[in-house]
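Structure file structure.csv; described as CSV, C-alpha atoms.
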chain,number,residue,atom,x,y,z
K,1,MET,CA,7.0,59.6,22.5
K,2,LYS,CA,3.8,61.6,22.7
K,3,LEU,CA,2.0,58.7,21.1
K,4,LEU,CA,3.2,56.3,23.8
K,5,ALA,CA,2.1,58.7,26.4
K,6,ASP,CA,-1.4,58.5,25.2
K,7,PRO,CA,-3.2,55.7,27.2
K,8,ARG,CA,-5.1,54.6,24.1
K,9,HIS,CA,-1.9,54.0,22.2
K,10,ILE,CA,-0.3,52.1,25.2
K,11,GLY,CA,-3.3,49.8,25.4
K,12,TRP,CA,-3.1,49.2,21.6
K,13,LEU,CA,0.6,48.4,21.9
K,14,VAL,CA,0.0,45.9,24.8
K,15,CYS,CA,-2.7,44.1,22.9
K,16,SER,CA,-0.6,43.9,19.8
K,17,VAL,CA,2.3,42.4,21.7
K,18,LEU,CA,0.0,39.8,23.4
K,19,VAL,CA,-1.5,38.8,20.0
K,20,LEU,CA,2.1,38.4,18.5
K,21,ILE,CA,3.2,36.3,21.5
K,22,MET,CA,0.1,34.1,21.2
K,23,THR,CA,0.5,33.7,17.4
K,24,LEU,CA,4.2,32.7,17.8
K,25,GLY,CA,3.3,30.3,20.5
K,26,THR,CA,0.7,28.6,18.4
K,27,GLY,CA,3.0,28.4,15.4
K,28,LEU,CA,5.7,26.8,17.5
K,29,ALA,CA,3.3,24.3,18.9
K,30,SER,CA,1.9,23.3,15.5
K,31,ALA,CA,5.5,23.0,14.1
K,32,ASN,CA,6.4,20.6,16.9
K,33,PRO,CA,4.7,17.2,16.4
K,34,GLU,CA,5.7,16.1,19.9
K,35,ALA,CA,3.2,18.6,21.3
K,36,ASP,CA,0.5,16.2,20.0
K,37,CYS,CA,1.9,13.1,21.7
K,38,ASP,CA,-0.2,11.3,24.3
K,39,ARG,CA,2.4,8.7,24.9
K,40,ARG,CA,6.2,8.8,24.1
K,41,VAL,CA,8.2,5.6,23.7
K,42,ARG,CA,12.0,5.4,23.5
K,43,PRO,CA,14.2,2.6,22.1
K,44,GLY,CA,14.5,-0.2,24.6
K,45,GLU,CA,11.0,0.2,26.0
K,46,ASP,CA,8.4,-2.5,25.4
K,47,LEU,CA,6.3,-1.4,22.5
K,48,GLN,CA,3.5,-3.9,23.0
K,49,ASN,CA,3.1,-2.8,26.7
K,50,ALA,CA,2.9,0.9,25.5
K,51,PHE,CA,0.0,0.1,23.2
K,52,ASP,CA,-1.7,-2.2,25.7
K,53,GLY,CA,-1.5,0.4,28.4
K,54,LEU,CA,-3.4,3.1,26.5
K,55,PRO,CA,-6.7,4.3,27.8
K,56,SER,CA,-9.7,2.2,26.7
K,57,ASN,CA,-12.1,5.1,26.7
K,58,GLY,CA,-12.2,5.3,22.9
K,59,GLN,CA,-10.6,8.7,22.7
K,60,HIS,CA,-8.0,9.3,20.1
K,61,GLN,CA,-4.4,8.6,21.2
K,62,THR,CA,-1.1,9.5,19.5
K,63,VAL,CA,1.9,7.4,20.3
K,64,CYS,CA,5.2,8.9,19.3
K,65,LEU,CA,8.3,6.9,18.9
K,66,ASP,CA,11.7,8.6,19.5
K,67,ALA,CA,14.4,8.2,16.9
K,68,GLY,CA,16.4,5.0,17.1
K,69,THR,CA,16.1,1.3,16.3
K,70,TYR,CA,13.5,-0.8,18.2
K,71,ARG,CA,14.7,-4.4,18.0
K,72,LEU,CA,11.8,-6.8,18.3
K,73,ASN,CA,11.7,-10.4,19.3
K,74,GLU,CA,7.9,-10.6,18.6
K,75,MET,CA,5.4,-8.9,16.4
K,76,VAL,CA,3.7,-5.7,17.6
K,77,VAL,CA,-0.1,-6.0,17.4
K,78,ILE,CA,-2.4,-2.9,17.5
K,79,GLU,CA,-6.1,-3.8,18.0
K,80,ARG,CA,-7.1,-0.5,19.5
K,81,GLY,CA,-8.8,1.9,17.0
K,82,ASN,CA,-8.7,5.7,16.9
K,83,LEU,CA,-4.9,5.8,17.1
K,84,THR,CA,-1.9,7.4,15.5
K,85,LEU,CA,1.5,5.8,15.6
K,86,ARG,CA,4.2,8.3,14.5
K,87,GLY,CA,7.9,8.0,14.2
K,88,GLN,CA,10.5,10.6,13.4
K,89,ALA,CA,12.1,11.5,10.2
K,90,SER,CA,15.4,13.4,9.6
K,91,GLU,CA,16.5,15.0,6.3
K,92,GLY,CA,14.2,12.7,4.3
K,93,ALA,CA,15.3,9.5,6.0
K,94,LYS,CA,13.3,7.6,8.6
K,95,ALA,CA,15.0,8.0,12.0
K,96,THR,CA,12.7,5.6,13.7
K,97,VAL,CA,13.2,1.9,12.8
K,98,LEU,CA,11.2,-1.2,13.8
K,99,GLN,CA,13.6,-4.1,13.3
K,100,MET,CA,12.7,-7.7,13.6
K,101,GLN,CA,15.6,-9.6,15.1
K,102,GLU,CA,17.5,-11.9,12.8
K,103,GLY,CA,16.1,-15.5,12.7
K,104,ILE,CA,12.6,-14.5,14.0
K,105,SER,CA,9.9,-15.8,11.7
K,106,SER,CA,7.2,-13.2,12.3
K,107,PRO,CA,5.5,-10.2,10.8
K,108,VAL,CA,6.7,-6.9,12.3
K,109,LEU,CA,3.5,-4.8,12.8
K,110,VAL,CA,-0.1,-6.1,12.7
K,111,LEU,CA,-3.1,-3.8,12.7
K,112,GLY,CA,-6.2,-5.7,13.8
K,113,ASP,CA,-6.9,-9.1,15.2
K,114,ALA,CA,-3.9,-11.3,14.8
K,115,TYR,CA,-5.0,-14.2,16.9
K,116,HIS,CA,-7.9,-15.6,14.9
K,117,ARG,CA,-7.6,-16.9,11.4
K,118,GLU,CA,-10.6,-14.6,10.5
K,119,PRO,CA,-10.5,-11.4,12.4
K,120,GLN,CA,-13.4,-11.2,14.9
K,121,SER,CA,-13.9,-7.5,14.6
K,122,PRO,CA,-12.6,-4.6,12.5
K,123,VAL,CA,-9.9,-2.1,13.6
K,124,ARG,CA,-10.9,1.4,12.7
K,125,GLN,CA,-9.2,4.8,12.3
K,126,VAL,CA,-5.6,4.0,12.7
K,127,THR,CA,-2.7,6.0,11.1
K,128,VAL,CA,0.9,4.8,10.9
K,129,GLU,CA,3.4,7.3,9.6
K,130,ASP,CA,7.1,8.3,9.4
K,131,LEU,CA,8.6,4.9,10.3
K,132,ALA,CA,11.0,2.4,8.8
K,133,ILE,CA,10.0,-1.2,9.1
K,134,ARG,CA,12.5,-4.0,8.5
K,135,GLY,CA,11.7,-7.7,8.5
K,136,ASP,CA,14.0,-10.7,8.2
K,137,ALA,CA,13.8,-11.9,4.6
K,138,SER,CA,16.4,-14.6,5.3
K,139,THR,CA,14.1,-16.8,7.4
K,140,GLU,CA,12.9,-20.0,5.8
K,141,ARG,CA,9.2,-19.7,6.6
K,142,GLU,CA,6.7,-17.5,4.8
K,143,PHE,CA,4.2,-17.8,7.7
K,144,LYS,CA,4.5,-17.4,11.4
K,145,PRO,CA,4.8,-21.0,12.9
K,146,ALA,CA,2.5,-20.5,15.8
K,147,LEU,CA,-0.1,-18.7,13.7
K,148,PRO,CA,0.2,-20.4,10.2
K,149,TYR,CA,-2.4,-18.1,8.6
K,150,LEU,CA,-0.3,-15.0,9.4
K,151,SER,CA,2.3,-14.2,6.7
K,152,ASN,CA,5.7,-12.8,7.7
K,153,SER,CA,5.1,-9.4,6.1
K,154,GLY,CA,6.5,-6.1,7.3
K,155,LEU,CA,3.0,-4.6,8.0
K,156,ILE,CA,-0.3,-6.4,7.9
K,157,VAL,CA,-3.8,-4.7,8.0
K,158,ARG,CA,-6.5,-7.3,9.0
K,159,ARG,CA,-10.0,-6.1,8.5
K,160,GLY,CA,-9.1,-2.5,8.8
K,161,GLU,CA,-11.4,0.5,8.1
K,162,GLY,CA,-10.3,4.0,7.8
K,163,ILE,CA,-6.5,3.2,7.8
K,164,VAL,CA,-3.8,5.6,6.7
K,165,LEU,CA,-0.3,4.3,6.0
K,166,ARG,CA,1.9,7.2,5.1
K,167,ASN,CA,5.6,8.0,4.7
K,168,LEU,CA,6.8,4.5,5.6
K,169,ASP,CA,10.0,2.8,4.4
K,170,ILE,CA,9.3,-1.0,4.4
K,171,ARG,CA,12.0,-3.5,3.3
K,172,HIS,CA,13.5,-7.0,3.7
K,173,CYS,CA,10.2,-8.8,4.1
K,174,ARG,CA,9.9,-12.6,4.0
K,175,SER,CA,6.4,-12.4,2.5
K,176,ALA,CA,4.8,-9.2,1.1
K,177,CYS,CA,6.2,-6.1,2.6
K,178,LEU,CA,2.7,-4.5,3.0
K,179,LEU,CA,-0.5,-6.6,3.1
K,180,THR,CA,-4.1,-5.7,3.6
K,181,GLU,CA,-6.6,-8.6,3.9
K,182,TYR,CA,-10.1,-9.7,5.1
K,183,HIS,CA,-12.1,-6.9,3.4
K,184,SER,CA,-10.0,-4.0,4.6
K,185,ARG,CA,-11.6,-0.8,3.2
K,186,ASP,CA,-11.1,3.0,3.1
K,187,VAL,CA,-7.4,2.4,3.2
K,188,LEU,CA,-4.9,5.1,2.1
K,189,ILE,CA,-1.4,4.0,1.2
K,190,GLU,CA,0.6,7.1,0.4
K,191,ASN,CA,4.2,8.2,-0.2
K,192,ASN,CA,5.8,5.0,1.0
K,193,TYR,CA,8.9,3.2,-0.2
K,194,ILE,CA,8.4,-0.6,-0.5
K,195,SER,CA,11.3,-2.8,-1.6
K,196,GLN,CA,13.2,-6.1,-1.3
K,197,ALA,CA,10.3,-8.4,-0.4
K,198,GLU,CA,10.8,-12.1,-1.0
K,199,TRP,CA,7.3,-12.1,-2.6
K,200,ASP,CA,5.3,-9.0,-3.6
K,201,GLY,CA,5.9,-5.5,-2.5
K,202,LEU,CA,2.2,-4.6,-1.8
K,203,SER,CA,-0.5,-7.2,-1.6
K,204,LEU,CA,-4.2,-6.3,-1.6
K,205,ASN,CA,-6.3,-9.4,-0.6
K,206,ARG,CA,-10.1,-9.0,-0.8
K,207,ALA,CA,-9.8,-5.3,-0.6
K,208,GLY,CA,-12.6,-2.7,-0.6
K,209,PRO,CA,-12.0,0.9,-1.6
K,210,THR,CA,-8.3,1.6,-1.4
K,211,ARG,CA,-6.1,4.5,-2.6
K,212,VAL,CA,-2.5,3.7,-3.5
K,213,VAL,CA,-0.9,7.1,-4.2
K,214,GLY,CA,2.6,8.4,-4.7
K,215,ASN,CA,4.6,5.3,-3.7
K,216,VAL,CA,7.8,3.8,-5.0
K,217,ILE,CA,7.5,0.0,-5.2
K,218,GLU,CA,10.6,-1.5,-6.6
K,219,ASP,CA,13.1,-4.4,-6.5
K,220,ASN,CA,10.8,-7.0,-5.1
K,221,VAL,CA,11.3,-10.7,-6.0
K,222,ALA,CA,7.8,-11.2,-7.3
K,223,ALA,CA,5.3,-8.5,-8.3
K,224,GLY,CA,5.3,-4.8,-7.3
K,225,ILE,CA,1.6,-4.9,-6.5
K,226,THR,CA,-0.6,-8.0,-6.4
K,227,VAL,CA,-4.4,-8.1,-6.2
K,228,GLU,CA,-6.7,-10.9,-5.3
K,229,TYR,CA,-10.1,-9.2,-5.5
K,230,LEU,CA,-10.1,-5.4,-5.5
K,231,GLN,CA,-13.0,-3.1,-6.1
K,232,GLY,CA,-13.7,0.7,-6.4
K,233,SER,CA,-10.0,1.7,-5.8
K,234,GLU,CA,-7.4,4.0,-7.3
K,235,VAL,CA,-3.7,3.4,-8.0
K,236,VAL,CA,-2.2,6.7,-9.1
K,237,ASP,CA,1.1,8.5,-9.4
K,238,ASN,CA,3.3,5.6,-8.3
K,239,VAL,CA,6.6,4.3,-9.6
K,240,ILE,CA,6.5,0.5,-10.0
K,241,ALA,CA,9.9,-0.7,-11.2
K,242,ASP,CA,12.5,-3.5,-11.4
K,243,ASN,CA,10.3,-6.2,-9.9
K,244,GLY,CA,11.0,-9.9,-10.6
K,245,SER,CA,7.7,-10.8,-12.2
K,246,HIS,CA,5.0,-8.2,-13.0
K,247,GLY,CA,4.5,-4.6,-12.1
K,248,LEU,CA,0.9,-5.1,-11.3
K,249,TYR,CA,-0.7,-8.6,-11.0
K,250,LEU,CA,-4.5,-8.1,-11.1
K,251,ALA,CA,-6.8,-11.0,-10.4
K,252,ASP,CA,-10.6,-10.5,-9.9
K,253,ALA,CA,-10.2,-6.7,-10.0
K,254,GLU,CA,-13.2,-4.6,-10.9
K,255,HIS,CA,-14.2,-1.0,-11.2
K,256,ASN,CA,-10.7,0.4,-10.4
K,257,ARG,CA,-8.7,3.3,-11.9
K,258,PHE,CA,-4.9,3.1,-12.6
K,259,SER,CA,-3.5,6.5,-13.7
K,260,ASN,CA,-0.3,8.3,-14.1
K,261,ASN,CA,1.9,5.5,-13.0
K,262,LEU,CA,5.5,4.9,-14.2
K,263,ILE,CA,5.7,1.1,-14.8
K,264,ARG,CA,9.3,0.3,-15.7
K,265,ASN,CA,11.8,-2.6,-16.1
K,266,ASN,CA,9.6,-5.3,-14.7
K,267,GLN,CA,10.7,-8.8,-15.8
K,268,LEU,CA,7.4,-9.9,-17.1
K,269,ALA,CA,4.3,-7.8,-17.7
K,270,GLY,CA,3.8,-4.2,-16.7
K,271,VAL,CA,0.2,-5.2,-16.0
K,272,PHE,CA,-0.9,-8.8,-15.8
K,273,LEU,CA,-4.7,-9.1,-16.1
K,274,THR,CA,-6.1,-12.4,-15.0
K,275,CYS,CA,-8.6,-14.3,-12.9
K,276,SER,CA,-8.7,-15.9,-9.4
K,277,ILE,CA,-7.1,-19.3,-9.5
K,278,ARG,CA,-8.9,-22.3,-8.1
K,279,HIS,CA,-6.5,-25.0,-9.4
K,280,ARG,CA,-2.8,-24.4,-10.3
K,281,ASP,CA,-1.8,-27.6,-12.1
K,282,PRO,CA,-3.3,-27.3,-14.7
K,283,VAL,CA,-4.3,-23.7,-14.1
K,284,LEU,CA,-8.1,-23.3,-13.8
K,285,CYS,CA,-10.0,-20.1,-13.0
K,286,TRP,CA,-13.0,-19.5,-10.7
K,287,ASP,CA,-16.0,-18.8,-12.9
K,288,ASP,CA,-16.5,-15.2,-14.0
K,289,SER,CA,-13.5,-14.0,-11.9
K,290,PHE,CA,-11.6,-12.2,-14.7
K,291,SER,CA,-10.5,-8.6,-14.0
K,292,ARG,CA,-13.0,-6.3,-15.7
K,293,ASP,CA,-14.3,-2.7,-15.9
K,294,ASN,CA,-10.9,-1.2,-15.0
K,295,VAL,CA,-9.6,2.1,-16.6
K,296,PHE,CA,-5.9,2.5,-17.2
K,297,SER,CA,-5.1,6.1,-18.1
K,298,ASN,CA,-1.9,8.1,-18.8
K,299,ASN,CA,0.4,5.4,-17.5
K,300,ARG,CA,3.9,5.1,-19.0
K,301,PHE,CA,5.2,1.5,-19.6
K,302,GLU,CA,9.0,1.4,-20.2
K,303,HIS,CA,11.1,-1.7,-21.0
K,304,ASN,CA,8.9,-4.4,-19.5
K,305,ARG,CA,8.7,-7.8,-21.3
K,306,TYR,CA,5.1,-6.9,-22.1
K,307,GLY,CA,2.9,-3.9,-21.5
K,308,PHE,CA,-0.4,-5.6,-20.9
K,309,ARG,CA,-0.5,-9.4,-20.7
K,310,ILE,CA,-3.9,-11.1,-20.6
K,311,ALA,CA,-4.4,-14.6,-19.2
K,312,VAL,CA,-7.9,-16.0,-19.4
K,313,ASP,CA,-9.6,-19.4,-19.8
K,314,LYS,CA,-13.1,-20.7,-20.6
K,315,ALA,CA,-14.4,-20.3,-17.1
K,316,ALA,CA,-13.2,-16.7,-16.8
K,317,ASN,CA,-13.0,-14.8,-20.0
K,318,CYS,CA,-14.0,-11.6,-21.7
K,319,GLN,CA,-16.8,-12.9,-23.9
K,320,GLU,CA,-19.5,-14.0,-21.4
K,321,ARG,CA,-21.1,-10.7,-21.0
K,322,GLY,CA,-20.7,-9.6,-24.6
K,323,GLY,CA,-20.6,-6.0,-25.7
K,324,PRO,CA,-17.5,-3.8,-25.8
K,325,PRO,CA,-14.1,-4.8,-24.3
K,326,THR,CA,-14.2,-5.1,-20.5
K,327,ASN,CA,-11.2,-2.9,-19.7
K,328,VAL,CA,-9.8,0.2,-21.4
K,329,SER,CA,-6.3,1.7,-21.8
K,330,ARG,CA,-6.7,5.4,-22.4
K,331,GLY,CA,-3.7,7.6,-23.2
K,332,ASP,CA,-1.1,5.1,-22.0
K,333,VAL,CA,2.3,5.2,-23.6
K,334,PHE,CA,4.3,2.0,-24.3
K,335,VAL,CA,8.1,2.1,-24.7
K,336,ASP,CA,9.6,-1.3,-25.6
K,337,SER,CA,6.6,-3.0,-23.8
K,338,PRO,CA,4.5,-4.9,-26.4
K,339,ASN,CA,1.1,-6.0,-25.5
K,340,LYS,CA,0.1,-9.7,-25.6
K,341,GLU,CA,-3.4,-11.0,-25.5
K,342,PRO,CA,-5.2,-14.3,-26.5
K,343,ALA,CA,-7.2,-14.9,-29.6
K,344,TRP,CA,-10.1,-12.4,-29.7
K,345,GLU,CA,-12.5,-14.9,-31.4
K,346,GLU,CA,-12.1,-17.5,-28.6
K,347,TYR,CA,-12.2,-15.3,-25.4
K,348,GLY,CA,-13.5,-11.9,-26.5
K,349,ARG,CA,-11.9,-8.6,-26.3
K,350,CYS,CA,-10.4,-8.0,-22.9
K,351,ILE,CA,-9.1,-4.5,-23.4
K,352,ALA,CA,-9.5,-1.6,-25.7
K,353,TYR,CA,-6.9,1.0,-26.5
K,354,ASP,CA,-8.4,4.5,-26.6
K,355,GLY,CA,-5.7,7.0,-27.6
K,356,SER,CA,-2.9,4.9,-26.2
K,357,ARG,CA,0.3,4.7,-28.3
K,358,THR,CA,3.5,2.9,-28.7
K,359,LEU,CA,6.7,4.8,-29.1
K,360,GLU,CA,9.0,3.6,-31.9
K,361,THR,CA,11.5,1.0,-30.6
K,362,PRO,CA,12.8,-2.1,-32.3
K,363,ASP,CA,10.9,-4.7,-30.2
K,364,SER,CA,7.6,-2.9,-29.8
K,365,GLN,CA,4.2,-3.4,-31.5
K,366,SER,CA,1.2,-1.2,-31.7
K,367,PRO,CA,-1.5,-1.6,-29.0
K,368,GLY,CA,-4.4,-3.8,-29.8

Please re-express this file's structure in structure tokens.
Amino acid sequence: MKLLADPRHIGWLVCSVLVLIMTLGTGLASANPEADCDRRVRPGEDLQNAFDGLPSNGQHQTVCLDAGTYRLNEMVVIERGNLTLRGQASEGAKATVLQMQEGISSPVLVLGDAYHREPQSPVRQVTVEDLAIRGDASTEREFKPALPYLSNSGLIVRRGEGIVLRNLDIRHCRSACLLTEYHSRDVLIENNYISQAEWDGLSLNRAGPTRVVGNVIEDNVAAGITVEYLQGSEVVDNVIADNGSHGLYLADAEHNRFSNNLIRNNQLAGVFLTCSIRHRDPVLCWDDSFSRDNVFSNNRFEHNRYGFRIAVDKAANCQERGGPPTNVSRGDVFVDSPNKEPAWEEYGRCIAYDGSRTLETPDSQSPG
């Protein structure tokens, strides 16, 4: 009691209490994501109006969607940059769902210019996180009738730069569930679940640097991941499983790293290395478009029909530039996933196996 009677100790106690209150208040605010919301939207409100009504001053805006199902009769288009779209999650599940109405032939969410075949300008610095996105895979059309260049994907990024797609659950898509196109670059695709597309789970079309990290991509009708031109990118720590064709279909992919992925139970190849096709019947490649200078390291291939499958022709092969093989498999493990490649003497060595190994199974063969 004598200590409290001393004015110096009373002042110290008051200051300590004030600091504690301020600290607790800051902690509560940071733990509450709603404190960061500039605009809140509830189920039943018009999502497109909410985005169109945001300030056009270029300052960052965060739009928060309450829990519930947002039933859509038309795609939602976000052309404004410097934006975060955030849903809510509950006990590991996505509590916010964007649901395209049954029978509507349309993508669900488009980032960028949706109204010109080739986007007129980039969309920059957009984050989409903590949402479930559901298309209607039962519709007959793969493309939107009014905009026939626009595929009926769950989420499309058109000429995006600095895009983050995180903690999304995307399913039941008539085309690819997630598509980036028209030279989108600096895109992070992280910790998403992508499944039950009528075509590919994730499609990267003419993509610049992209990071695909920690996703589960499974049970899609075609490939888990398909690439038509990809450069300077990373695909790491993903599960790519149970897809109807290939785990990864890589056409015209250069200077990329594929590491620590589990590639399992895909009907055809775990990784299909090929070229960009200019004619399909018979198949002819664009000149010099074969995937090259890619590093595959510490991936695990399990129970695919093939591990690596190489498809080349005279126009796009592994011999034109000479020298060592144009891709490398380093430390990969193959379980019941034999590798299949064309004759070395005709097309050159397309891939070298550096420390990769095959575990003993009845149907497997040694790499290379």

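Picture a line from CA of Pro43 (chain K) to CA of Ser175 (chain K); it runs 25.9 Å.
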
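If only C-alpha atoms are the atoms counted, then among K:Ile277, K:Leu188, K:Val221, K:Ala251 the closest residue to Val236 (chain K) is K:Leu188.
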
| Residue contacts of Tyr149 (chain K) (12 Å, all atoms listed in the file) excluding same-chain residues fewer than 5 positions away, as a VMD selection string | chain K and resid 106 to 107 114 to 119 141 to 144 156 158 181 to 182

Those same residues - C-alpha atoms - I'd like them written as a PDB file, in the coordinates of the input.
ATOM      1  CA  SER K 106       7.200 -13.200  12.300  1.00  0.00           C
ATOM      2  CA  PRO K 107       5.500 -10.200  10.800  1.00  0.00           C
ATOM      3  CA  ALA K 114      -3.900 -11.300  14.800  1.00  0.00           C
ATOM      4  CA  TYR K 115      -5.000 -14.200  16.900  1.00  0.00           C
ATOM      5  CA  HIS K 116      -7.900 -15.600  14.900  1.00  0.00           C
ATOM      6  CA  ARG K 117      -7.600 -16.900  11.400  1.00  0.00           C
ATOM      7  CA  GLU K 118     -10.600 -14.600  10.500  1.00  0.00           C
ATOM      8  CA  PRO K 119     -10.500 -11.400  12.400  1.00  0.00           C
ATOM      9  CA  ARG K 141       9.200 -19.700   6.600  1.00  0.00           C
ATOM     10  CA  GLU K 142       6.700 -17.500   4.800  1.00  0.00           C
ATOM     11  CA  PHE K 143       4.200 -17.800   7.700  1.00  0.00           C
ATOM     12  CA  LYS K 144       4.500 -17.400  11.400  1.00  0.00           C
ATOM     13  CA  ILE K 156      -0.300  -6.400   7.900  1.00  0.00           C
ATOM     14  CA  ARG K 158      -6.500  -7.300   9.000  1.00  0.00           C
ATOM     15  CA  GLU K 181      -6.600  -8.600   3.900  1.00  0.00           C
ATOM     16  CA  TYR K 182     -10.100  -9.700   5.100  1.00  0.00           C
TER      17      TYR K 182
END

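Computed from the coordinates, the CA of Gln231 (chain K) to CA of Phe258 (chain K) distance equals 12.1 Å.
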
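If you count only C-alpha atoms and ignore residues fewer than 5 places along the chain from Ile225 (chain K), what sits within 8 Å of it is Asp200, Gly201, Leu202, Ser203, Leu204, Ile217, Gly247, Leu248 and Tyr249 of chain K.
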
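If you count all atoms listed in the file and ignore residues fewer than 5 places along the chain from Arg300 (chain K), what sits within 8 Å of it is Asn260, Asn261, Leu262, Ile263, Arg264, Asp332, Val333, Phe334 and Val335 of chain K.
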
| task | Name the closest residue to Arg330 (chain K) among the candidates K:Asn191, K:Ser297, K:Thr226, K:Asn304; distances are taken between atoms, counting only C-alpha atoms. | result | K:Ser297
